[in-house]
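Asker: Okay, here's the structure, questions in a sec.
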Number of protein chains: 2
Amino acid sequence: MTAHSRQRQSRQPTVKEVAKLAGVSPMTVSRTVSGGKNVRPEVQQRVLEAVRALGYHRNENARSLRPGQPSGLVGVAITNLGNPYYGDFALGVEEIAAQYGRRILLGNTAEDPQRERQLIADFIGRQVEGLILVPSGGDAGHLQPEVLRDTPLVLASRIVAGIDADAVLLDDVGGAYRGTRVLLEGGHRRIAYLGNVTSVFTGQRRFKGFSRALAEFGLTPDPKLVKRRQQDVETARVAMKALLDLADPPTAVFGANNRNTIGALKEIGARLQTAGYDGAPPAIVSFDNFELAEMMPVPVTVIDHDGRELGREAARMLFERLTGSGVAGPTRRIEIPTHVLVARA
Amino acid sequence: MTAHSRQRQSRQPTVKEVAKLAGVSPMTVSRTVSGGKNVRPEVQQRVLEAVRALGYHRNENARSLRPGQPSGLVGVAITNLGNPYYGDFALGVEEIAAQYGRRILLGNTAEDPQRERQLIADFIGRQVEGLILVPSGGDAGHLQPEVLRDTPLVLASRIVAGIDADAVLLDDVGGAYRGTRVLLEGGHRRIAYLGNVTSVFTGQRRFKGFSRALAEFGLTPDPKLVKRRQQDVETARVAMKALLDLADPPTAVFGANNRNTIGALKEIGARLQTAGYDGAPPAIVSFDNFELAEMMPVPVTVIDHDGRELGREAARMLFERLTGSGVAGPTRRIEIPTHVLVARA
DNA sequence: CTGTTAGCGCGTTCAA
DNA sequence: TTGAACGCGCTAACAG
């Protein structure tokens, strides 16, 4: 029988067992493990030895059962952990949460409102002190104040119609606008758009910035060059393929996110490998940075922003609600700036 | 006063409050929310209305207080969530955990053993049913069976000396061996190695595979070409810079992970931009795949493996311990295969 | 300085 | 079918 193969039934030791071993009352154990105020040092010693001997860990769940005791938990629900951008986001949240001594309950919604609803309900059932959510859209019943009661909510990346909550957003419109202008000023006029499904909030905002820049050059988005249904790299690649196969393909492409840009680049890369390929590959503007963007075979202008900082900021907003001031203030909305990194010529 | 600005003090509603509103006893509420066995349909109706009206959520912490009741939590500690590979890993774990109705407590250790120790202790205090850990090395006192008691532990990516626990590893040695052979068979003889600090388990294994391949060609690693201290992209780039500045630079580079490969590529990319650069850039073999590897300006052979599958497999091992059979079997060690994707010529 | 009492929210057990 | 009592682990409040 090996180390981890014992019965799982025998629960963790409790204050009582420690108390018995140390020959004191449970209260003395409790006092000792929570700082040792009003306990004789020699008694503390005995208690701590018993703690060590039994491998005692204070039961945080039982502890937070007392009214007024915070659970020390924050619920975080993200649409797609597989997207490196949201990995960074989660890292930023975790970083701040750790500073505040909080732990993270993490869920991946996979853009499924139903799953999001379940996660939120479960998080509340586990008495999280607050929620950080990248919402997946759709019905928002589970985010209504009556349901959340007094659990603070911070929305990240996207907001939800009808929900008045703190939010950390990107400067989607401005970033998309400035990025698109780079293409226009570079002489491009046939610019394709690859984006998320129309219903996604950031998708709408980025398309608005894109359109605004075009408008300043007397252009409107060409429906044949606008593809807004791609959620992942492979569908984005297929969309790009369709664009390149047009009789009159675009000379530039706006990738409204990470996934769309990379799909587009993969298709372009495949064409460049092809012997018979002649046309000049399109230039790219990418909303979302990605590693090694500077090494692509076509110039990639990046609308850069820091997912980790987005996560940090979301967590900071939450903890302002949870501690000190700001607890009862009006909801706030922050926009994180974006930076256009123009491709080398 | 806006939606989320109320007092935080008024806790979540309890069975009692729901009971009062519905005009029944707390037990009837409890029975109703847990399936409704032995409750008259009309009474259930009243209860569910009260639940809805008050925004009641069953307190999972209180629930799991009863002996024998599982907490429904799994603790996951990762070394670096900012590495896209571990984002994928977390996604895989979450995916399986969701299937088993478990939630994830997530922590980032940042390769800090002290932080890892705190996280594990806290996870146990929160009554997690099991632990999944990418260990950061160093002292393993906090992983001893006496401390973990009966909480099953699954190690991922790396193992820990002296700890007998289930583990999911990569075929580090074999992958590194086969990848290195690709370089050797391509005629390369001066091959540099960029890797993690020597103490990291995977680093040792990958270096072993690398060395083994060299040995078959009558070579040993050249100390001047071996750099094993880089944990992030920037330090890797600097290491690569030093290699390229050698009087006799390597003709190929083995990147022992994601971070090292990308740092190396960034430096190579910078050189290629430089007007005066003449030498042929080195070929690359990368342990760990990364997006767009096929589009680099130098051929990149990838030792590919699926982080998400690693996560899934770790979670599966854990849940085999938690449920059904295998609860008390000997510890197991699984190796996930790696696939060498040879660069285009 | 230390111990006893009581109760947090829930569900098992037993009684009605 | 419904309810009352009890206790899970912990700690404030109150003795001593």
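The way I read the labels, and the way they are meant: chains A, B, ... in the order of the structure tokens, residue 1 as the first residue of every chain, and ligand 1 as the first ligand shown, with later ones counted on from there.
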Please provide the set of residues having any atom within 10 Å of DC8 in chain C, restricted to only C-alpha atoms (C1' of nucleotides), with same-chain residues fewer than 2 positions apart removed, written as a JSON list (two decimals) with N, CA and C atoms (P, O5', C5', C4', C3', O3' and C1' of nucleotides), in the first residue's frame.
Answerer:
```json
[["chain", "number", "residue", "atom", "x", "y", "z"],
["A", 62, "ALA", "N", -16.11, 25.92, 7.93],
["A", 62, "ALA", "CA", -16.82, 26.04, 9.20],
["A", 62, "ALA", "C", -16.62, 27.44, 9.79],
["A", 63, "ARG", "N", -15.42, 27.92, 9.63],
["A", 63, "ARG", "CA", -15.08, 29.23, 10.15],
["A", 63, "ARG", "C", -15.97, 30.31, 9.56],
["A", 64, "SER", "N", -16.14, 30.24, 8.24],
["A", 64, "SER", "CA", -16.88, 31.31, 7.58],
["A", 64, "SER", "C", -18.38, 31.13, 7.76],
["A", 65, "LEU", "N", -18.75, 30.09, 8.48],
["A", 65, "LEU", "CA", -20.17, 29.87, 8.73],
["A", 65, "LEU", "C", -20.70, 30.95, 9.69],
["A", 66, "ARG", "N", -19.86, 31.37, 10.59],
["A", 66, "ARG", "CA", -20.28, 32.42, 11.53],
["A", 66, "ARG", "C", -20.66, 33.67, 10.77],
["A", 67, "PRO", "N", -21.74, 34.29, 11.17],
["A", 67, "PRO", "CA", -22.17, 35.50, 10.46],
["A", 67, "PRO", "C", -21.12, 36.59, 10.56],
["A", 68, "GLY", "N", -20.97, 37.33, 9.47],
["A", 68, "GLY", "CA", -19.98, 38.40, 9.46],
["A", 68, "GLY", "C", -18.60, 37.94, 9.05],
["A", 69, "GLN", "N", -18.36, 36.64, 9.15],
["A", 69, "GLN", "CA", -17.06, 36.14, 8.74],
["A", 69, "GLN", "C", -17.00, 36.02, 7.22],
["B", 62, "ALA", "N", -21.88, 25.38, 4.50],
["B", 62, "ALA", "CA", -22.57, 24.77, 5.64],
["B", 62, "ALA", "C", -22.91, 23.32, 5.31],
["C", 6, "DA", "P", -26.28, 27.36, 26.92],
["C", 6, "DA", "O5'", -26.17, 28.09, 25.50],
["C", 6, "DA", "C5'", -25.82, 29.47, 25.47],
["C", 6, "DA", "C4'", -25.56, 29.86, 24.03],
["C", 6, "DA", "C3'", -26.56, 29.26, 23.02],
["C", 6, "DA", "O3'", -26.94, 30.29, 22.14],
["C", 6, "DA", "C1'", -24.36, 28.79, 22.34],
["D", 10, "DC", "P", -12.23, 22.90, 13.25],
["D", 10, "DC", "O5'", -12.94, 24.26, 13.66],
["D", 10, "DC", "C5'", -13.22, 25.21, 12.63],
["D", 10, "DC", "C4'", -13.99, 26.37, 13.20],
["D", 10, "DC", "C3'", -13.23, 27.15, 14.28],
["D", 10, "DC", "O3'", -12.78, 28.36, 13.71],
["D", 10, "DC", "C1'", -15.52, 26.79, 14.84]]
```
Asker: As a PDB file with N, CA and C atoms, in the first residue's frame, please: the residues near Leu105 in chain B (cut-off 8 Å, only C-alpha atoms (C1' of nucleotides), same-chain neighbours under 2 positions excluded).
Answerer:
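Output file around_5.pdb follows:
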```pdb
ATOM      1  N   ARG A 103      -8.731  33.739  -2.012  1.00  0.00           N
ATOM      2  CA  ARG A 103      -8.525  32.649  -2.936  1.00  0.00           C
ATOM      3  C   ARG A 103      -9.539  32.768  -4.057  1.00  0.00           C
ATOM      4  N   ILE A 104      -9.229  32.123  -5.177  1.00  0.00           N
ATOM      5  CA  ILE A 104     -10.068  32.245  -6.362  1.00  0.00           C
ATOM      6  C   ILE A 104     -10.792  30.958  -6.690  1.00  0.00           C
ATOM      7  N   LEU A 105     -12.095  31.083  -6.878  1.00  0.00           N
ATOM      8  CA  LEU A 105     -12.884  29.992  -7.442  1.00  0.00           C
ATOM      9  C   LEU A 105     -13.006  30.279  -8.919  1.00  0.00           C
ATOM     10  N   LEU A 106     -12.491  29.370  -9.743  1.00  0.00           N
ATOM     11  CA  LEU A 106     -12.434  29.662 -11.171  1.00  0.00           C
ATOM     12  C   LEU A 106     -13.374  28.788 -11.974  1.00  0.00           C
TER      13      LEU A 106
ATOM     14  N   LEU B  73     -14.986  20.676  -4.100  1.00  0.00           N
ATOM     15  CA  LEU B  73     -13.881  21.550  -4.512  1.00  0.00           C
ATOM     16  C   LEU B  73     -12.631  20.751  -4.828  1.00  0.00           C
ATOM     17  N   VAL B  74     -11.910  21.217  -5.826  1.00  0.00           N
ATOM     18  CA  VAL B  74     -10.605  20.654  -6.147  1.00  0.00           C
ATOM     19  C   VAL B  74      -9.606  21.801  -6.147  1.00  0.00           C
ATOM     20  N   GLY B  75      -8.493  21.616  -5.484  1.00  0.00           N
ATOM     21  CA  GLY B  75      -7.464  22.654  -5.451  1.00  0.00           C
ATOM     22  C   GLY B  75      -6.470  22.467  -6.587  1.00  0.00           C
ATOM     23  N   VAL B  76      -6.215  23.526  -7.324  1.00  0.00           N
ATOM     24  CA  VAL B  76      -5.277  23.462  -8.439  1.00  0.00           C
ATOM     25  C   VAL B  76      -4.226  24.556  -8.260  1.00  0.00           C
ATOM     26  N   ARG B 103     -15.938  22.170  -8.508  1.00  0.00           N
ATOM     27  CA  ARG B 103     -15.453  23.503  -8.793  1.00  0.00           C
ATOM     28  C   ARG B 103     -13.968  23.549  -8.489  1.00  0.00           C
ATOM     29  N   GLY B 107      -4.752  28.572  -7.746  1.00  0.00           N
ATOM     30  CA  GLY B 107      -3.681  29.421  -7.240  1.00  0.00           C
ATOM     31  C   GLY B 107      -2.486  29.395  -8.169  1.00  0.00           C
ATOM     32  N   PHE B 123      -5.876  25.298   0.748  1.00  0.00           N
ATOM     33  CA  PHE B 123      -6.776  24.387   0.032  1.00  0.00           C
ATOM     34  C   PHE B 123      -7.285  23.295   0.972  1.00  0.00           C
TER      35      PHE B 123
END
```
Asker: To one decimal place in Å, what is the distance between CA of Ala50 in chain A and CA of Leu148 in chain B?
Answerer: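 Computing it gives 15.6 Å between the two atoms.
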Asker: Kindly determine which residues of chain A lie within 10 Å of chain D, considering only C-alpha atoms (C1' of nucleotides), and give the answer as a VMD selection string.
Answerer: chain A and resid 13 to 16 26 to 27 30 to 31 58 to 66
Asker: Would you list which chain B residues are within 6 Å of chain A using only C-alpha atoms, as JSON, numbers by chain?
Answerer: {"B": [2, 3, 5, 6, 8, 55, 57, 58, 59, 60, 61, 81, 82, 84, 87, 88, 91, 104, 105, 106, 125, 126, 147, 150, 164, 328, 329, 330]}
Asker: Select all residues from chain C having any atom no more than 10 Å from an atom of chain B (counting only C-alpha atoms (C1' of nucleotides), ignoring ligands), output as JSON, numbers by chain.
Answerer: {"C": [8, 9, 10, 11, 12]}
Asker: Can you list, as a ChimeraX atom specification, every protein, DNA or RNA residue that comes within 7 Å of range 204-217 of chain A when you count only C-alpha atoms (C1' of nucleotides), leaving out same-chain residues fewer than 3 positions away?
Answerer: /A:172-174,176-177,180-181,198,200-201,220-221,256
Asker: Could you give me, as a list in words, each residue of range 142-320 of chain B that DSSP assigns to strand (DSSP E) when run on this structure's backbone?
Answerer: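 For range 142-320 of chain B, the strand (DSSP E) set is Leu153, Val154, Leu155, Ala156, Asp166, Ala167, Val168, Leu169, Leu170, Ile191, Ala192, Tyr193, Leu194, Val226, Lys227, Ala252, Val253, Phe254, Gly255, Ala283, Ile284, Val285, Ser286, Phe287, Val300, Thr301, Val302, Ile303 and Asp304 of chain B.
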Asker: Keeping only C-alpha atoms, write those residues as an mmCIF file, in the first residue's frame.
Answerer:
```cif
data_model
loop_
_atom_site.group_PDB
_atom_site.id
_atom_site.type_symbol
_atom_site.label_atom_id
_atom_site.label_comp_id
_atom_site.auth_asym_id
_atom_site.auth_seq_id
_atom_site.Cartn_x
_atom_site.Cartn_y
_atom_site.Cartn_z
ATOM 1 C CA LEU B 153 -2.681 14.527 -4.813
ATOM 2 C CA VAL B 154 -1.924 14.448 -8.515
ATOM 3 C CA LEU B 155 1.321 15.968 -9.721
ATOM 4 C CA ALA B 156 1.451 17.352 -13.233
ATOM 5 C CA ASP B 166 -0.072 9.981 -8.854
ATOM 6 C CA ALA B 167 1.568 11.919 -11.641
ATOM 7 C CA VAL B 168 0.999 12.915 -15.233
ATOM 8 C CA LEU B 169 4.191 13.669 -17.063
ATOM 9 C CA LEU B 170 5.245 14.354 -20.573
ATOM 10 C CA ILE B 191 23.690 22.859 -31.181
ATOM 11 C CA ALA B 192 22.934 25.221 -28.300
ATOM 12 C CA TYR B 193 20.593 24.409 -25.427
ATOM 13 C CA LEU B 194 18.350 26.975 -23.762
ATOM 14 C CA VAL B 226 24.387 25.398 -22.847
ATOM 15 C CA LYS B 227 22.341 28.067 -21.040
ATOM 16 C CA ALA B 252 20.991 25.316 -34.278
ATOM 17 C CA VAL B 253 19.246 25.845 -30.954
ATOM 18 C CA PHE B 254 17.232 23.545 -28.752
ATOM 19 C CA GLY B 255 14.611 25.541 -26.827
ATOM 20 C CA ALA B 283 17.572 26.491 -36.930
ATOM 21 C CA ILE B 284 15.352 25.847 -33.945
ATOM 22 C CA VAL B 285 13.849 22.894 -32.175
ATOM 23 C CA SER B 286 11.235 23.854 -29.637
ATOM 24 C CA PHE B 287 9.996 21.709 -26.805
ATOM 25 C CA VAL B 300 11.197 25.629 -36.268
ATOM 26 C CA THR B 301 10.773 21.958 -35.486
ATOM 27 C CA VAL B 302 8.275 21.540 -32.706
ATOM 28 C CA ILE B 303 8.049 18.894 -30.022
ATOM 29 C CA ASP B 304 4.328 19.152 -29.641
#
```
Asker: Neighbours of Ala247 in chain A within 12 Å (only C-alpha atoms (C1' of nucleotides); same-chain residues fewer than 4 positions away dropped), as number ranges by chain?
Answerer: A: 224-225, 242-243, 279
Asker: Can you spit out the residues from that selection as a PDB file, in the first residue's frame, using N, CA and C atoms?
Answerer:
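Full text of selection_12.pdb as output:
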```
ATOM      1  N   LYS A 224     -19.218  42.407 -48.307  1.00  0.00           N
ATOM      2  CA  LYS A 224     -18.536  41.200 -48.782  1.00  0.00           C
ATOM      3  C   LYS A 224     -17.210  40.977 -48.056  1.00  0.00           C
ATOM      4  N   LEU A 225     -16.708  42.010 -47.431  1.00  0.00           N
ATOM      5  CA  LEU A 225     -15.415  41.898 -46.745  1.00  0.00           C
ATOM      6  C   LEU A 225     -15.557  41.816 -45.227  1.00  0.00           C
ATOM      7  N   ALA A 242     -11.890  32.394 -47.581  1.00  0.00           N
ATOM      8  CA  ALA A 242     -12.955  32.892 -48.455  1.00  0.00           C
ATOM      9  C   ALA A 242     -12.611  34.284 -48.980  1.00  0.00           C
ATOM     10  N   LEU A 243     -12.053  35.097 -48.118  1.00  0.00           N
ATOM     11  CA  LEU A 243     -11.705  36.458 -48.542  1.00  0.00           C
ATOM     12  C   LEU A 243     -10.628  36.447 -49.622  1.00  0.00           C
ATOM     13  N   GLY A 279      -0.429  36.834 -55.692  1.00  0.00           N
ATOM     14  CA  GLY A 279      -0.860  38.120 -55.132  1.00  0.00           C
ATOM     15  C   GLY A 279      -0.063  38.516 -53.909  1.00  0.00           C
TER      16      GLY A 279
END
```
Asker: Output as a PyMOL selection string all residues of range 53-88 of chain B that backbone DSSP marks as alpha helix (DSSP H).
Answerer: chain B and resi 53-54+60-63+84-88
